[in-house]
file upload_36.txt (compact mmCIF, C-alpha atoms)
# COMPACT_ATOMS: atom_id res chain seq x y z
CA MET N 1 -5.15 -3.10 17.20
CA LYS N 2 -1.98 -1.53 15.85
CA ASN N 3 0.58 0.28 18.03
CA ILE N 4 1.84 3.71 17.03
CA GLN N 5 5.04 5.27 18.29
CA ILE N 6 5.26 8.98 19.10
CA PRO N 7 8.24 11.11 20.10
CA ASN N 8 8.97 11.41 23.80
CA ASP N 9 8.42 15.19 23.73
CA LEU N 10 4.91 14.72 22.34
CA PHE N 11 4.11 12.11 24.97
CA LEU N 12 5.28 14.43 27.76
CA ALA N 13 3.23 17.29 26.31
CA LEU N 14 0.14 15.02 26.29
CA VAL N 15 0.75 14.06 29.93
CA ARG N 16 1.17 17.69 30.97
CA TYR N 17 -1.92 18.77 29.05
CA HIS N 18 -4.27 16.00 30.22
CA LEU N 19 -3.01 15.09 33.68
CA LEU N 20 -1.59 18.39 34.91
CA ASP N 21 -4.09 20.67 33.12
CA MET N 22 -1.31 22.70 31.50
CA GLU N 23 -3.24 24.07 28.53
CA GLU N 24 -0.26 25.92 27.04
CA TYR N 25 0.85 22.59 25.48
CA GLY N 26 -2.24 22.43 23.24
CA ASP N 27 -0.55 23.94 20.17
CA GLU N 28 2.53 21.75 20.56
CA ILE N 29 0.33 18.65 20.82
CA ARG N 30 -1.72 19.67 17.76
CA LYS N 31 1.41 20.21 15.65
CA GLY N 32 2.99 16.95 16.83
CA LEU N 33 -0.14 14.92 16.08
CA GLU N 34 -0.55 16.53 12.64
CA LYS N 35 3.07 15.68 11.85
CA LYS N 36 2.52 12.06 12.95
CA LEU N 37 -0.68 11.75 10.89
CA ASP N 38 1.12 13.10 7.81
CA ALA N 39 3.91 10.56 8.30
CA MET N 40 1.37 7.74 8.64
CA ALA N 41 -0.45 8.83 5.47
CA LEU N 42 2.84 8.95 3.53
CA ARG N 43 3.76 5.47 4.77
CA GLU N 44 0.37 4.14 3.70
CA LEU N 45 0.79 5.63 0.20
CA TYR N 46 4.33 4.24 -0.08
CA SER N 47 3.13 0.76 0.90
CA LYS N 48 0.26 0.98 -1.58
CA SER N 49 2.68 2.05 -4.33
CA LYS N 50 4.62 -1.17 -3.77
CA GLU N 51 1.84 -3.66 -2.96
CA ALA N 52 -1.32 -2.60 -4.83
CA PRO N 53 -2.85 -5.41 -6.91
CA THR N 54 -2.74 -3.62 -10.26
CA SER N 55 0.03 -1.60 -11.89
CA GLU N 56 -2.40 1.31 -12.41
CA GLU N 57 -3.14 1.49 -8.67
CA ARG N 58 0.58 1.25 -7.86
CA GLU N 59 1.40 4.07 -10.28
CA ASN N 60 -1.40 6.29 -8.94
CA ALA N 61 -0.22 5.74 -5.36
CA ARG N 62 3.39 6.41 -6.41
CA GLN N 63 2.42 9.70 -8.06
CA GLU N 64 0.39 10.82 -5.03
CA TYR N 65 3.24 9.86 -2.71
CA LEU N 66 5.74 11.89 -4.75
CA ASP N 67 3.30 14.83 -4.89
CA ARG N 68 2.89 14.85 -1.12
CA ARG N 69 6.64 14.52 -0.59
CA GLY N 70 7.13 17.55 -2.83
CA VAL N 71 9.29 15.82 -5.43
CA PRO N 72 9.23 18.03 -8.57
CA ASP N 73 8.11 16.48 -11.86
CA SER N 74 11.50 17.26 -13.41
CA PHE N 75 13.18 15.00 -10.84
CA ARG N 76 10.90 11.99 -11.38
CA TRP N 77 11.48 9.06 -13.67
CA GLY N 78 9.49 9.29 -16.88
CA ALA N 79 8.78 5.58 -17.10
CA SER N 80 7.49 3.24 -14.47
CA PHE N 81 9.80 0.67 -12.91
CA ALA N 82 8.10 -2.16 -14.80
CA GLU N 83 8.82 -0.50 -18.16
CA ILE N 84 12.45 0.09 -17.23
CA TYR N 85 12.80 -3.46 -15.90
CA ARG N 86 11.50 -4.95 -19.13
CA GLY N 87 14.06 -2.92 -21.10
CA VAL N 88 16.91 -4.05 -18.85
CA ALA N 89 15.70 -7.64 -19.00
CA ARG N 90 15.86 -7.60 -22.80
CA SER N 91 19.30 -6.02 -22.92
CA CYS N 92 20.68 -8.56 -20.42
CA ARG N 93 19.25 -11.51 -22.33
CA PHE N 94 16.76 -12.31 -19.55
CA GLN N 95 13.36 -13.32 -20.78
CA PRO N 96 10.51 -12.92 -18.31
CA GLU N 97 8.00 -15.71 -18.89
CA LYS N 98 5.36 -14.13 -16.67
CA GLU N 99 5.30 -10.41 -16.02
CA GLY N 100 6.10 -9.36 -12.48
CA THR N 101 7.38 -12.64 -11.01
CA ALA N 102 10.99 -13.09 -10.05
CA GLU N 103 10.73 -16.89 -10.28
CA ALA N 104 9.67 -16.66 -13.91
CA ILE N 105 12.96 -15.16 -15.13
CA ARG N 106 15.41 -17.49 -16.83
CA LEU N 107 18.70 -16.90 -18.58
CA GLU N 108 18.53 -17.37 -22.34
CA GLN N 109 21.38 -19.48 -23.68
CA PRO N 110 23.36 -17.72 -26.43
CA SER N 111 23.60 -19.55 -29.73
CA ARG N 112 26.96 -21.03 -30.70
CA SER N 113 27.63 -18.21 -33.17
CA GLU N 114 27.22 -15.65 -30.35
CA ALA N 115 29.30 -17.56 -27.82
CA PRO N 116 32.67 -15.98 -27.00
CA GLN N 117 35.65 -17.66 -28.66
CA ARG N 118 38.49 -18.82 -26.42

call {"tool": "encode", "arguments": {"input": "upload_36.txt", "output": "structure tokens"}}
result
Amino acid sequence: MKNIQIPNDLFLALVRYHLLDMEEYGDEIRKGLEKKLDAMALRELYSKSKEAPTSEERENARQEYLDRRGVPDSFRWGASFAEIYRGVARSCRFQPEKEGTAEAIRLEQPSRSEAPQR
């Protein structure tokens, strides 16, 4: 079972509501729990956007995460990270042998004609 942390104010409101029968804390508890559930859902989407098995699933989770966070389309990157990374890898003379693995990247040796002259 997983532990979940809640703010101290929410905990105290729960104690007052359940143990002291102070029903005026019901709305505060409802709002606090909704806020916590939203934060948990966002964290789950963020994790999925980084760890999903396929790039399509990662991109879908990333888009849903940004939608829920309220990030406008005009502020988002047009290309996925993988597309940008491949472009940077080519411009830096890195050649990925296998897509998506850091161990598979090696530095290409420049030919003698491209080597800087000293």

call {"tool": "atom_distance", "arguments": {"input": "upload_36.txt", "atom1": "atom CA of Leu66 of chain N", "atom2": "atom CA of Glu34 of chain N"}}
result
19.1 Å

call {"tool": "atom_distance", "arguments": {"input": "upload_36.txt", "atom1": "atom CA of Ala61 of chain N", "atom2": "atom CA of Tyr46 of chain N"}}
result
7.1 Å

call {"tool": "residues_around", "arguments": {"input": "upload_36.txt", "residues": "segment 35-39 of chain N", "least_positions_apart": "5", "cutoff": "12 Å", "atoms": "all atoms listed in the file", "output": "list in words"}}
result
Ile4, Gln5, Ile6, Pro7, Leu10, Glu28, Ile29, Arg30, Glu44, Leu45, Tyr46, Tyr65, Arg68 and Arg69 of chain N

call {"tool": "closest_residue", "arguments": {"input": "upload_36.txt", "among": "N:Met22, N:Asp73, N:Asn8, N:Arg62", "to": "Arg43 of chain N", "atoms": "all atoms listed in the file"}}
result
N:Arg62

call {"tool": "closest_residue", "arguments": {"input": "upload_36.txt", "among": "N:Leu33, N:Leu42, N:Phe11, N:Pro53", "to": "Gly70 of chain N", "atoms": "all atoms listed in the file"}}
result
N:Leu42

call {"tool": "atom_distance", "arguments": {"input": "upload_36.txt", "atom1": "atom CA of Met40 of chain N", "atom2": "atom CA of Thr54 of chain N"}}
result
22.4 Å
